[in-house]
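K.L.:
Structure file structure_28.txt (compact mmCIF, C-alpha atoms) is given on the next line.
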# COMPACT_ATOMS: atom_id res chain seq x y z
CA MET A 12 1.54 4.58 -14.84
CA THR A 13 -1.13 1.91 -15.26
CA ARG A 14 -1.48 -1.42 -13.49
CA GLY A 15 0.04 -3.14 -16.56
CA GLU A 16 3.02 -0.77 -16.61
CA LEU A 17 3.56 -1.33 -12.89
CA ILE A 18 3.63 -5.10 -13.49
CA GLU A 19 6.21 -4.66 -16.28
CA ARG A 20 8.35 -2.44 -14.10
CA VAL A 21 8.30 -4.81 -11.11
CA ALA A 22 9.16 -7.76 -13.39
CA ARG A 23 12.13 -5.83 -14.78
CA GLU A 24 13.41 -4.51 -11.43
CA CYS A 25 13.04 -7.84 -9.60
CA GLN A 26 14.06 -10.02 -12.54
CA ILE A 27 10.94 -12.14 -12.33
CA ASN A 28 8.58 -13.00 -15.20
CA LEU A 29 5.43 -11.04 -16.06
CA LYS A 30 3.12 -13.76 -14.76
CA GLN A 31 4.86 -13.68 -11.35
CA ALA A 32 4.76 -9.87 -11.22
CA GLU A 33 1.08 -9.98 -12.15
CA ILE A 34 0.37 -12.36 -9.24
CA VAL A 35 2.19 -10.03 -6.83
CA VAL A 36 0.44 -6.84 -7.95
CA SER A 37 -3.03 -8.39 -8.05
CA THR A 38 -2.52 -10.07 -4.66
CA ILE A 39 -1.52 -6.75 -3.08
CA PHE A 40 -4.53 -4.80 -4.35
CA ARG A 41 -6.95 -7.68 -3.75
CA ALA A 42 -5.74 -8.04 -0.15
CA MET A 43 -6.21 -4.31 0.48
CA SER A 44 -9.64 -4.25 -1.22
CA GLU A 45 -10.88 -7.23 0.81
CA THR A 46 -9.76 -5.68 4.09
CA LEU A 47 -11.50 -2.39 3.25
CA ALA A 48 -14.63 -4.24 2.08
CA ASP A 49 -14.73 -5.89 5.54
CA GLY A 50 -14.53 -2.43 7.13
CA GLY A 51 -10.88 -2.87 8.11
CA ARG A 52 -7.90 -0.57 7.90
CA VAL A 53 -4.70 -0.91 5.85
CA GLU A 54 -1.44 0.76 6.85
CA ILE A 55 1.63 0.68 4.58
CA ARG A 56 4.52 2.33 6.40
CA GLY A 57 6.11 5.07 4.27
CA PHE A 58 3.30 4.97 1.74
CA GLY A 59 0.04 5.71 3.53
CA SER A 60 -3.04 4.29 5.19
CA PHE A 61 -6.53 3.46 4.00
CA GLU A 62 -9.67 3.37 6.09
CA VAL A 63 -13.39 3.28 5.50
CA ARG A 64 -15.41 6.32 6.50
CA ALA A 65 -19.18 6.37 6.83
CA TYR A 66 -21.10 9.32 5.44
CA ALA A 67 -24.61 10.25 6.53
CA ALA A 68 -27.47 10.66 4.06
CA TYR A 69 -27.85 14.13 2.57
CA LYS A 70 -30.08 16.05 0.18
CA GLY A 71 -28.32 16.61 -3.11
CA ARG A 72 -29.26 17.90 -6.52
CA ASN A 73 -29.02 16.30 -9.91
CA PRO A 74 -26.59 18.71 -11.65
CA LYS A 75 -28.24 18.14 -15.05
CA THR A 76 -31.90 18.60 -14.13
CA GLY A 77 -31.55 20.63 -10.92
CA ARG A 78 -33.99 18.28 -9.26
CA GLU A 79 -33.49 17.51 -5.57
CA VAL A 80 -32.50 13.95 -4.77
CA MET A 81 -31.93 12.17 -1.50
CA VAL A 82 -28.48 10.60 -1.35
CA GLY A 83 -28.48 7.61 0.99
CA PRO A 84 -25.86 6.98 3.69
CA LYS A 85 -22.70 5.46 2.25
CA LYS A 86 -19.22 4.30 3.10
CA ALA A 87 -16.16 5.37 1.16
CA PRO A 88 -12.43 4.60 1.38
CA PHE A 89 -10.23 7.39 2.67
CA PHE A 90 -6.48 7.56 2.00
CA LYS A 91 -3.96 9.42 4.15
CA THR A 92 -0.52 9.91 2.60
CA GLY A 93 2.39 8.60 4.68
CA LYS A 94 5.10 10.95 5.93
CA GLU A 95 7.91 9.60 3.73
CA LEU A 96 5.82 9.78 0.54
CA ARG A 97 4.49 13.26 1.39
CA GLU A 98 8.05 14.50 1.82
CA ARG A 99 9.29 12.83 -1.36
CA ILE A 100 6.44 14.32 -3.41
CA ASN A 101 7.49 17.74 -2.13
CA GLY A 102 11.15 17.15 -2.95
CA GLU A 103 12.16 16.93 0.71
CA GLY A 104 12.93 13.24 0.69
CA MET B 5 -10.68 -5.18 13.58
CA ALA B 6 -6.89 -5.34 13.32
CA THR B 7 -5.03 -3.20 10.82
CA MET B 8 -3.56 -4.90 7.76
CA THR B 9 0.12 -4.11 7.39
CA LYS B 10 2.82 -4.80 4.81
CA ALA B 11 3.70 -8.01 6.69
CA ASP B 12 0.16 -9.36 6.16
CA ILE B 13 0.37 -8.51 2.47
CA VAL B 14 3.76 -10.23 2.17
CA GLU B 15 2.20 -13.33 3.78
CA GLN B 16 -0.51 -13.47 1.09
CA VAL B 17 1.97 -12.86 -1.75
CA TYR B 18 4.22 -15.62 -0.35
CA ASP B 19 1.23 -18.02 -0.32
CA ASN B 20 0.28 -17.19 -3.94
CA LEU B 21 3.78 -17.15 -5.45
CA ASP B 22 5.49 -20.50 -6.03
CA GLY B 23 9.27 -20.87 -5.61
CA PHE B 24 10.05 -17.70 -3.65
CA SER B 25 11.13 -17.40 -0.02
CA LYS B 26 9.42 -15.14 2.50
CA LYS B 27 12.35 -12.73 2.22
CA GLU B 28 12.16 -12.66 -1.59
CA SER B 29 8.40 -12.11 -1.43
CA ALA B 30 8.95 -9.20 0.98
CA ASP B 31 11.57 -7.66 -1.35
CA ILE B 32 9.21 -7.89 -4.34
CA VAL B 33 6.32 -6.31 -2.38
CA GLU B 34 8.71 -3.54 -1.30
CA MET B 35 9.62 -2.95 -4.97
CA VAL B 36 5.94 -2.59 -5.92
CA PHE B 37 5.46 0.22 -3.40
CA GLU B 38 8.84 1.76 -4.23
CA SER B 39 7.93 1.84 -7.95
CA ILE B 40 4.66 3.57 -7.13
CA LYS B 41 6.42 6.10 -4.89
CA GLU B 42 9.11 6.89 -7.48
CA THR B 43 6.44 7.45 -10.14
CA LEU B 44 4.37 9.76 -7.92
CA GLU B 45 7.55 11.64 -6.99
CA THR B 46 7.93 12.66 -10.66
CA GLY B 47 4.34 13.97 -10.62
CA GLU B 48 3.00 11.15 -12.76
CA LYS B 49 -0.29 9.56 -11.66
CA ILE B 50 -0.89 5.87 -10.89
CA LYS B 51 -3.96 4.13 -12.30
CA ILE B 52 -4.79 0.74 -10.81
CA SER B 53 -7.92 -0.55 -12.54
CA GLY B 54 -10.33 -2.11 -10.05
CA PHE B 55 -8.73 -0.25 -7.12
CA GLY B 56 -8.31 3.44 -7.87
CA ASN B 57 -6.10 6.29 -9.03
CA PHE B 58 -3.40 8.20 -7.13
CA VAL B 59 -2.92 11.75 -8.37
CA VAL B 60 -0.44 14.42 -7.27
CA ARG B 61 -2.02 17.87 -7.10
CA GLN B 62 -0.34 21.24 -6.75
CA LYS B 63 -1.80 23.42 -3.99
CA LYS B 64 -1.35 27.21 -4.14
CA GLU B 65 -0.06 29.29 -1.27
CA ARG B 66 -2.84 30.49 1.03
CA THR B 67 -3.33 32.19 4.34
CA GLY B 68 -4.58 30.10 7.18
CA ARG B 69 -5.20 30.70 10.84
CA ASN B 70 -3.92 28.94 13.91
CA PRO B 71 -7.19 27.70 15.42
CA GLN B 72 -5.77 27.95 18.95
CA THR B 73 -4.35 31.49 18.86
CA GLY B 74 -6.27 33.00 15.92
CA GLU B 75 -2.95 34.11 14.50
CA GLU B 76 -2.68 34.33 10.70
CA ILE B 77 -0.17 31.98 9.12
CA ARG B 78 1.09 31.58 5.58
CA ILE B 79 0.55 28.09 4.20
CA ALA B 80 3.29 27.49 1.63
CA PRO B 81 2.49 26.10 -1.83
CA ARG B 82 2.80 22.35 -1.74
CA LYS B 83 1.93 19.15 -3.51
CA VAL B 84 -0.62 16.74 -2.11
CA LEU B 85 -1.50 13.20 -3.08
CA THR B 86 -5.15 12.32 -3.57
CA PHE B 87 -6.68 8.87 -3.94
CA LYS B 88 -9.80 8.41 -6.06
CA PRO B 89 -11.29 4.96 -5.46
CA SER B 90 -12.62 3.02 -8.44
CA GLN B 91 -16.33 2.23 -8.75
CA VAL B 92 -15.48 -1.44 -8.14
CA LEU B 93 -13.85 -0.64 -4.77
CA LYS B 94 -16.66 1.75 -3.78
CA ASN B 95 -19.24 -0.95 -4.55
CA ALA B 96 -17.27 -3.62 -2.64
CA ILE B 97 -17.20 -1.37 0.44
CA ASN B 98 -20.94 -0.73 0.29
CA THR B 99 -22.14 -4.32 -0.09
As structure tokens - that is how I would like this structure written.

P.N.:
Amino acid sequence: MTRGELIERVARECQINLKQAEIVVSTIFRAMSETLADGGRVEIRGFGSFEVRAYAAYKGRNPKTGREVMVGPKKAPFFKTGKELRERINGEG
Amino acid sequence: MATMTKADIVEQVYDNLDGFSKKESADIVEMVFESIKETLETGEKIKISGFGNFVVRQKKERTGRNPQTGEEIRIAPRKVLTFKPSQVLKNAINT
């Protein structure tokens, strides 16, 4: 399901128009992105939580050329699935 | 820094959406997450451009070990959800 299909589905289920559903979906993902960009944490009960993890620099290799490259330190978002969703995905919900 | 919760998200949706009460905004936000959960439950992936993709993966059965006792344990086959952040989100986090 794409972002556009999610918007259509929410509009249908909530009986709101597409423009309104678009505002809701974009606000949700913008809010979460901004919090993570500021180094914050997001926790959606029943769905999961997002946090930013810092990774140290390491020596890697370019898979095409085999040449060694230094990969700088970086931060990346990490998602942990919530209990309810984990159970539902495994048919235990 | 404080953790952002569903209530904070509802607040922002309420501010951006004209003509809906706080309760209605909360119900709509709930429906967004419920739609995502129902879709993942069927094994279908979710692709949110600019944010990332959620994909359900099947894990095979394997043998693990209890790190405390050293005892071998069977880890049953199961499904796990993985999140792959988009390049846009990765860049936003690193700037």

K.L.:
For a quick check of understanding, using all atoms listed in the file, which of A:Lys75, A:Arg52, A:Arg23, A:Arg64 has the smallest distance to chain B?

P.N.:
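Comparing A:Lys75, A:Arg52, A:Arg23, A:Arg64 against chain B, the winner is A:Arg52.
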
K.L.:
Compile a residue-level contact table for chain A against chain B at a cut-off of 8 Å, reporting for every qualifying residue the shortest atom pair and its distance in Å to one decimal, with all atoms listed in the file counted, rows ordered by chain and ascending number, as a Markdown table.

P.N.:
| residue | atom | partner | partner_atom | distance |
| --- | --- | --- | --- | --- |
| A:Met12 | CA | B:Ile50 | CA | 4.8 |
| A:Thr13 | CA | B:Lys51 | CA | 4.7 |
| A:Arg14 | CA | B:Ile52 | CA | 4.8 |
| A:Leu17 | CA | B:Ser39 | CA | 7.3 |
| A:Arg20 | CA | B:Ser39 | CA | 7.5 |
| A:Val21 | CA | B:Val36 | CA | 6.1 |
| A:Glu24 | CA | B:Met35 | CA | 7.7 |
| A:Cys25 | CA | B:Ile32 | CA | 6.5 |
| A:Gln31 | CA | B:Leu21 | CA | 6.9 |
| A:Ile34 | CA | B:Leu21 | CA | 7.0 |
| A:Val35 | CA | B:Val17 | CA | 5.8 |
| A:Val36 | CA | B:Val36 | CA | 7.2 |
| A:Thr38 | CA | B:Val17 | CA | 6.0 |
| A:Ile39 | CA | B:Ile13 | CA | 6.1 |
| A:Phe40 | CA | B:Phe55 | CA | 6.8 |
| A:Ala42 | CA | B:Ile13 | CA | 6.7 |
| A:Met43 | CA | B:Met8 | CA | 7.8 |
| A:Ser44 | CA | B:Leu93 | CA | 6.6 |
| A:Thr46 | CA | B:Met8 | CA | 7.2 |
| A:Leu47 | CA | B:Ile97 | CA | 6.4 |
| A:Ala48 | CA | B:Ile97 | CA | 4.2 |
| A:Asp49 | CA | B:Ile97 | CA | 7.2 |
| A:Gly50 | CA | B:Ile97 | CA | 7.3 |
| A:Gly51 | CA | B:Met5 | CA | 5.9 |
| A:Arg52 | CA | B:Thr7 | CA | 4.9 |
| A:Val53 | CA | B:Met8 | CA | 4.6 |
| A:Glu54 | CA | B:Thr9 | CA | 5.1 |
| A:Ile55 | CA | B:Lys10 | CA | 5.6 |
| A:Arg56 | CA | B:Lys10 | CA | 7.5 |
| A:Phe58 | CA | B:Phe37 | CA | 7.3 |
| A:Val63 | CA | B:Ile97 | CA | 7.9 |
| A:Lys85 | CA | B:Asn98 | CA | 6.7 |
| A:Lys86 | CA | B:Asn98 | CA | 6.0 |
| A:Ala87 | CA | B:Lys94 | CA | 6.1 |
| A:Pro88 | CA | B:Pro89 | CA | 6.9 |
| A:Phe89 | CA | B:Phe87 | CA | 7.6 |
| A:Phe90 | CA | B:Phe87 | CA | 6.1 |
| A:Thr92 | CA | B:Leu85 | CA | 6.6 |
| A:Leu96 | CA | B:Lys41 | CA | 6.6 |
| A:Arg97 | CA | B:Val84 | CA | 7.1 |
| A:Arg99 | CA | B:Glu45 | CA | 6.0 |
| A:Ile100 | CA | B:Glu45 | CA | 4.6 |
| A:Asn101 | CA | B:Lys83 | CA | 5.9 |
| A:Gly102 | CA | B:Glu45 | CA | 7.7 |

K.L.:
Distance atom CA of Glu19 of chain A-atom CA of Val59 of chain B, one decimal place?

P.N.:
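Rounded to one decimal, the two atoms are 20.4 Å apart.
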
K.L.:
Enter the distance from atom CA of Ser60 of chain A to atom CA of Lys63 of chain B, in Å, rounded to one decimal.

P.N.:
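Taking atom CA of Ser60 of chain A and atom CA of Lys63 of chain B, their separation equals 21.3 Å.
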
K.L.:
Using Å and a single decimal, report how far atom CA of Glu45 of chain A sits from atom CA of Gly15 of chain A.

P.N.:
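Spanning atom CA of Gly15 of chain A to atom CA of Glu45 of chain A is a straight-line distance of 20.9 Å.
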
K.L.:
Around all the atoms of segment 42-56 of chain B listed in the file, with 3 Å of room on each side, what axis-aligned box do you get, giving centre and edge lengths in Å to one decimal, as lines of an AutoDock Vina configuration file?

P.N.:
center_x = -0.6
center_y = 5.9
center_z = -9.9
size_x = 25.4
size_y = 22.1
size_z = 11.8
